[in-house]
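Participant: Sending over a structure as structure tokens; questions will come in a sec.
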Amino acid sequence: MFLLPVMSFRRGVVRQSKFRHVFAQAWKAEHCIDDVRVSRVTWDSPLCAVNPKFVAVIIEAGGGGSFLVLPNHKSGRIDQTAPTVCGHAAPVLDIQWCPHEDNIIASASEDCSVKIWQIPDGGLTEPMTEPIVTLEGHSKRVGILAWHPTAFNILLTAGCDNLMCVWDVGTGELVYQLTEAHPDLIYSVCWNREGSAICTVCKDKALRVIDPRRGTVLKVREKVHDGTRPMRAVFLSDGKILTTGFSRMSERQMALWDTSDLSEPMAVQEMDTSNGVLLPFYDPDTNMIYLCGKGDCTIRYFEVTDESPYVHFLSLYSSKEPQRGAGFLSKRGVDVNKCEIARFYKLHERKIEPISMTVPRKSDLFQGDLYPDTAGLEPSLLAEEWIAGQDAPPLLVSLSGGYSAPPSKHRDTLRGKPKLALQDSGASLRSTTPPTAATREAEVEVAPQPRLTREADGTTEKVKREEDVLSEVLAEVKALRSVVLAQGQRIELLERQLARIEDGDV
């Protein structure tokens, strides 16, 4: 009997991963958003921000800067006269939705200001020119926004004056200002999962890990990528950092770094020689990285694990049209019934095209292994608590059965919210005004005859509704019964196989 080498068994072994077969699919043309004049600004930002309620896109504007906000179920052609958010005096460079309030969005502009806007439910009905808060502290254009992941109302901004500012949006107060951390233009800023530190990359090619409350640089790595073109960096959920940049030969690269030892990268992957900056989008629930290059026709996606080579290429989505930018939907907005684990909103020159990332599964049941508990709307800390030195991980919610946001106990602490309660109370006062004697007499005279007809019609409609509901329930029970029977047969088969194995028949 000959013993074969171990490698002969492993040669055909494929790495096990539930995300190995993730596939990307663009939505049909009738579900896309057409005739959107996407901005031609040269700043390397995604130009788009998405949350479970809205899609926001920076657009071309004749004088000043503006961006378009649409409900995310909107599709079809957008009229050129559609209302926009147009309160900036110069082009808008970056927009970011608040992670703890789906109606609040921040915008940064070349006019050196940052403005906070509250979008009404259902979208804009008229142009919005007045923000609820204006933050002014930069002397040059502001191009980077980063909301704190767990503390309510904390926003970080970075500008071309090499400054980073941390704001309490609720009061409009500048809480911290980091003036000495960067000698040159800041390319990218990202918070870690708890919001206790940030990682940045700068034009001097260095990666820095910074404590924004103390204003100290905790770690520095010189020459993360040798190329001179812009870089990006994102914190992963386990504390590692993933960077994208260019080599000395202008090849696009991705590198993974362990913050405990930045002397050498854990992994480096070279892509191609395209000129577009690689924008990384990270999903902490699946530990997947999506790379979108501006001007590319592809979206690459990878899985980060603890096994060498640590960053595993999964696949890529390719199309004929290059992307001007992209928006990444938070996990709260994906369709769990279709096993959708991510969704992009790809920006064409005059169109927004949703692209779904889906794991193929045959079962119609909720796939708990694909959807671990994810960060919800509720913040873990108030602004004052974070400023006082507290840190906390995100508060997680379950996605089983589709996510619905609970009412927040912190939602009304943002300064300057429109006082819609007065309008509602006025309406309720009008509706509860006691009727006059003449009104009561008219009701008594006119009402009796029509009431009989309405009652008969109402009875018929009620019976019909009950019949429809009953038929739906019966159909659902029938479907569930077939699923249970199939699962029972499957369990019986597996038990027989297990018994054979235990008896040594296999």
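Ligands are numbered from 1 in the order shown, chains are lettered A, B, ... in the order of the structure tokens, and residues start at 1 in each chain.
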Mind checking which residues fall within 12 Å of Ser75 (chain A), counting only C-alpha atoms, ignoring those fewer than 5 positions away in the same chain, and posting them as a list in words?
Facilitator: Trp27, Lys28, Ala29, Glu30, His31, Cys32, Ile33, Asp34, Asp35, Val36, Val55, Leu70, Lys351, Ile352, Glu353 and Pro354 of chain A
Participant: Among region 213-367 of chain A, which ones does DSSP place in strand (DSSP E), written as a PyMOL selection string?
Facilitator: chain A and resi 216-221+232-235+241-246+252-257+267-270+278-283+288-293+298-304+311-318+325-328+340-347+351-358
Participant: Just to confirm, what's the straight-line distance from CA of Ala383 (chain A) to CA of Val175 (chain A) in Å (one decimal)?
Facilitator: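 Separation between CA of Ala383 (chain A) and CA of Val175 (chain A): 10.0 Å.
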Participant: Which polymer residues have any atom within 7 Å of an atom of Leu316 (chain A), counting only C-alpha atoms, with same-chain residues fewer than 6 positions away left out, as a VMD selection string?
Facilitator: chain A and resid 298 to 301
Participant: Generate the output file for the selected residues, N, CA and C atoms, as a tab-separated table (two decimals), in the first residue's frame.
Facilitator:
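Once written, out.tsv looks like this:
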chain	number	residue	atom	x	y	z
A	298	THR	N	-15.93	48.18	-13.40
A	298	THR	CA	-16.00	46.98	-12.56
A	298	THR	C	-16.12	47.35	-11.08
A	299	ILE	N	-16.68	46.43	-10.32
A	299	ILE	CA	-16.67	46.47	-8.85
A	299	ILE	C	-16.10	45.14	-8.38
A	300	ARG	N	-14.95	45.19	-7.71
A	300	ARG	CA	-14.33	43.97	-7.17
A	300	ARG	C	-14.76	43.79	-5.73
A	301	TYR	N	-14.90	42.52	-5.30
A	301	TYR	CA	-15.21	42.30	-3.89
A	301	TYR	C	-14.38	41.16	-3.34
Participant: A:Ser39, A:Gln323, A:Ser398, A:Asn153: which is nearest Trp97 (chain A), counting only C-alpha atoms?
Facilitator: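 Smallest separation from Trp97 (chain A) among the options: A:Asn153.
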Participant: Restricting the calculation to only C-alpha atoms, which member of A:Val41, A:Leu470, A:Leu494, A:Ile78 is positioned closest to Ala90 (chain A)?
Facilitator: A:Val41
Participant: Each residue of region 106-164 of chain A lying at most 12 Å from region 222-243 of chain A should get a row with its shortest atom-to-atom pair and the distance in Å to one decimal, counting only C-alpha atoms; could you produce that, ordered by chain and increasing number, as CSV?
Facilitator:
residue,atom,partner,partner_atom,distance
A:Ile144,CA,A:Arg232,CA,11.8
A:Ala146,CA,A:Val234,CA,11.6
A:Pro149,CA,A:Ser237,CA,11.8
Participant: Just checking: using only C-alpha atoms, which residue out of A:Ala106, A:Ile119, A:Ala197, A:Ala89 ends up closest to Val69 (chain A)?
Facilitator: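 Using only C-alpha atoms, the shortest distance to Val69 (chain A) belongs to A:Ile119.
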Participant: Counting only C-alpha atoms, which residue out of A:Pro393, A:Gly504, A:Pro322, A:Gly62 sits closest to Leu381 (chain A)?
Facilitator: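 Under the stated criterion, the closest residue is A:Pro393.
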Participant: Val397 (chain A): which residues within 6 Å, counting only C-alpha atoms, same-chain residues fewer than 2 positions away excluded, as a PyMOL selection string?
Facilitator: chain A and resi 373-374+376
Participant: Could you write those residues out with N, CA and C atoms, as a PDB file, in the first residue's frame?
Facilitator:
ATOM      1  N   ASP A 373     -26.651  40.202  13.662  1.00  0.00           N
ATOM      2  CA  ASP A 373     -27.183  41.481  14.148  1.00  0.00           C
ATOM      3  C   ASP A 373     -26.290  42.624  13.673  1.00  0.00           C
ATOM      4  N   THR A 374     -26.921  43.703  13.221  1.00  0.00           N
ATOM      5  CA  THR A 374     -26.188  44.817  12.635  1.00  0.00           C
ATOM      6  C   THR A 374     -26.457  46.097  13.412  1.00  0.00           C
ATOM      7  N   GLY A 376     -27.886  49.415  14.557  1.00  0.00           N
ATOM      8  CA  GLY A 376     -29.194  50.035  14.364  1.00  0.00           C
ATOM      9  C   GLY A 376     -29.119  51.549  14.427  1.00  0.00           C
TER      10      GLY A 376
END
Participant: Near Trp43 (chain A), within 9 Å and counting only C-alpha atoms, which residues show up once chain neighbours fewer than 3 positions away are dropped, as a PyMOL selection string?
Facilitator: chain A and resi 40+47+93-94+143
Participant: For the selection just defined, write its residues with C-alpha atoms to a file, as a CSV table (one decimal), in the first residue's frame.
Facilitator:
chain,number,residue,atom,x,y,z
A,40,ARG,CA,-18.3,66.8,-12.7
A,47,LEU,CA,-20.6,61.8,-5.0
A,93,LEU,CA,-17.7,68.0,-2.5
A,94,ASP,CA,-19.0,65.4,0.0
A,143,GLY,CA,-13.9,67.7,1.3
Participant: How far is it from CA of Tyr310 (chain A) to CA of Ile289 (chain A), in Å with one decimal?
Facilitator: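 Atom-to-atom, CA of Tyr310 (chain A) and CA of Ile289 (chain A) are spaced 12.0 Å apart.
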